[in-house]
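**Student:** First the structure, which I've put down as structure tokens, then a few questions once you've had a look.
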Amino acid sequence: WLSRASSWAKFTATAALGVIHNGQIKHGFDLLQPYLPLDNTSSSPFSEGGAFFALGLIHACHGTEKVTSYLQDALVTYQGQNAEILQHGACLGLGAAGMGSGSEEMSRALMNVLYSDSAVSGEAAALALGMVMMGSRHEATVRDMLVYAKETEHEKIIRALSLGIGLVMFGRKQEADALIERLLEEKDALLRLGAVHAITMAYCGTGDNAAIRRLLHLAVSDVKDDVRRAAVTGLGFILLRSPEQVPRMVELLSESFNPHVRVGSALALGIACAGTGSPAAVAILEPMLKDAVDFVVEGASIALAFILMQQNEAYEPKVAEVRRRYAEIIETKNAEVVSKFGAAMSQGIIDAGGRNVTIGLTTAAGQLSAPACGGMLLFTQFWSWFPLGHFLALALRPTALIAVNGSLRAPVLEATCSARKQLFAYPAKVEQAVVQAPTKIATAILSTTAKVRRSAAAGGKSAGEETAPAAVAAADAGEKEDEEGSGMDVDESGSKKSAAAATAKKAAAADAPFGVGNMTRLLPYQEKYMKWPSGSRYVPVKGGRVTGGVTVVRDTRAGEAEELIPSALADSEDEAVAAAQDAAGASATGGEEAAVPEAFEYPFGSEQA
């Protein structure tokens with residue numbers, strides 16, 4: 001499929017490898033070696049630019065010196081006709097790998113690309129600049145971005161700079177108010193869009209009433225559709241910790257005459273209620289799948305996929321119907337391309353990670369995840385540039401019980417779930433309709449043929465009379481058997497009782513508690529039914545209920561041999577064994593005492609804490 005793609009479709013398809021291999025930071029270069037430029041010579045710019053982007057997605061927020069240096073070199077190495085395509089991918093990759101690092105070296109490299117005033121590479125550089133300086137509120141960077149936004153004539157660059165400014169202000173709350181007021185007074189609608197992004201990111205997850213009032217005012221009063229759509233979408237970010245409030249707040253907006261407001265309300269519902277299966281949100285979004293405007297259908301499809309992630313029919317009966325609706329949109333020949341794009345993307349989202357991940361904009365402890373929030377905001381920009389849809393990978397988190405011991409190895413253990421197992425089963429796959437083979441049509445009988453058959457039957461009547469006694473005897477024998485059989489009583493009540501007993505046994509087994517093993521699927525709404533069994537060998541170091549994600553456990557029988565879950569990666573298995581041996585040796589010899597860290601100021605009250 002990759003070989004058949006062309007132009008930016010090839011760029012996006014290659015970048016998708018970064019989504020698939022996200023987190024494989026030890027093997028990033030090896031996995032992408034066939035697609036990266038060889039000897040600093042470009043032969044397929046779209047594929048190689050996508051490979052740069054994929055490299056950044058693999059190392060998202062964990063860019064090593066090797067990766068960041070390689071991508072920075074790519075910004076200046078490749079010049080010529082196709083340089084902007086390669087620089088576009090390298091900028092996005094550098095932004096993903098260095099997200100939140102605040103590196104001034106990366107910032108200068110990206111600024112140099114931005115000042116080249118190329119619409120293609122400049123757009124990516126502006127986005128990457130916001131990612132690298134995310135949450136830093138770096139005044140010099142914000143000032144330079146604002147000045148250049150007023151100087152350039154490229155709409156793509158101005159739009160990207162407005163988004164980058166919002167990322168820089170992530171989690172800053174009141175510290176961003178002065179900038180927000182300044183941007184709201186601008187006549188350029190794209191700079192007012194920057195104010196909306198700044199409000200969204202600065203007050204993300206806070207539920208701040210003043211921020212909500214501002215966004216609602218912009219959603220109904222601004223003259224630019226882009227600003228109105230972004231303002232409504234921002235409500236989902238601000239209220240992501242109170243998802244039950246969002247359906248009531250956007251219900252009227254979802255019926256607005258403006259389709260941009262409708263699609264914004266759909267995305268707000270999807271972001272805030274992601275993975276909850278909220279019936280109120282589904283009730284609002286379901287009619288929007290039949291909207292007359294294609295991009296509203298697209299937004300409603302994606303929002304429903306967010307909400308119904310990891311839901312099955314036993315927990316939310318609407319799941320099967322929504323999945324069938326996606327298939328219908330894709331298979332309808334005269335459906336709009338935008339609607340098909342949304343339905344196809346939604347099918348991937350609802351089954352993301354093999355149905356083992358969900359949207360997680362907060363950590364298990366309730367803290368905001370900066371990469372996840374930034375990735376989700378970038379994902380919403382697929383509206384203007386579809387390759388940005390890959391940033392959704394930063395907002396996905398695995399839903400599994402991951403218990404590790406003191407050596408960071410995974411022991412064999414089980415926690416107990418007290419609810420029905422059927423509620424948390426994998427959703428059934430949509431069955432394709434079976435095409436029946438053509439049936440044979442009955443042969444027509446002519447009137448002349450019927451006459452011949454009747455005459456033949458009349459001619460054979462006399463011959464039939466000779467066999468009549470035998471037929472009568474057979475009939476008598478049959479009647480006798482019927483009479484004898486009628487006297488036998490069949491005990492049907494016994495079979496009914498056994499069937500009822502089997503059904504009751506099956507129902508009892510379905511309602512019985514079941515064990516959830518280590519490194520297995522554990523859904524967010526399943527956590528309230530989980531508990532550690534009494535007398536268990538392993539107990540969590542931090543007490544409390546069983547939660548998804550990494551949990552450090554303590555072995556109460558330290559002297560006994562442990563049964564460990566083997567690693568799927570041979571090299572990681574060897575490294576883990578070596579690390580455990582080193583740790584054991586250090587503890588045996590006493591080891592050296594760790595150096596005292598340098599003095600620092602902890603950012604209390606900030607989402608960066």
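Order determines the names: the first chain of the structure tokens is A, the second B, and so forth; residues in each chain are numbered 1 upward, and ligands are numbered 1 upward as they are shown.
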Fewer than 3 positions away in the same chain doesn't count, so skip those; otherwise give me all residues within 7 Å of Val552 of chain A, counting only C-alpha atoms, as an MDAnalysis selection string.

**Tutor:** chainID A and resid 403:405 540:541

**Student:** So that I can see what lies close to segment 355-364 of chain A, please list as a ChimeraX atom specification the residues with an atom at most 10 Å from it, counting only C-alpha atoms and leaving out residues fewer than 2 positions away in the same chain.

**Tutor:** /A:204-205,237,240-241,270-276,306-311,348-353,366-376,392-400,426-427,520-524,547-550

**Student:** Which residue, A:Asn40, A:Ser301, A:Asn82, A:Ser7, has the smallest gap to Ser346 of chain A when you use only C-alpha atoms?

**Tutor:**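 Nearest to Ser346 of chain A: A:Ser301.
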
**Student:** Find, counting only C-alpha atoms, the residue in A:Gly100, A:Gly164, A:Pro387, A:Pro317 that gets nearest to Ala54 of chain A.

**Tutor:**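 For Ala54 of chain A, the nearest of the candidates is A:Pro387.
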
**Student:** From the DSSP assignment of the backbone, select every residue of segment 117-345 of chain A that is alpha helix (DSSP H), and format the answer as a count of residues only.

**Tutor:** 153
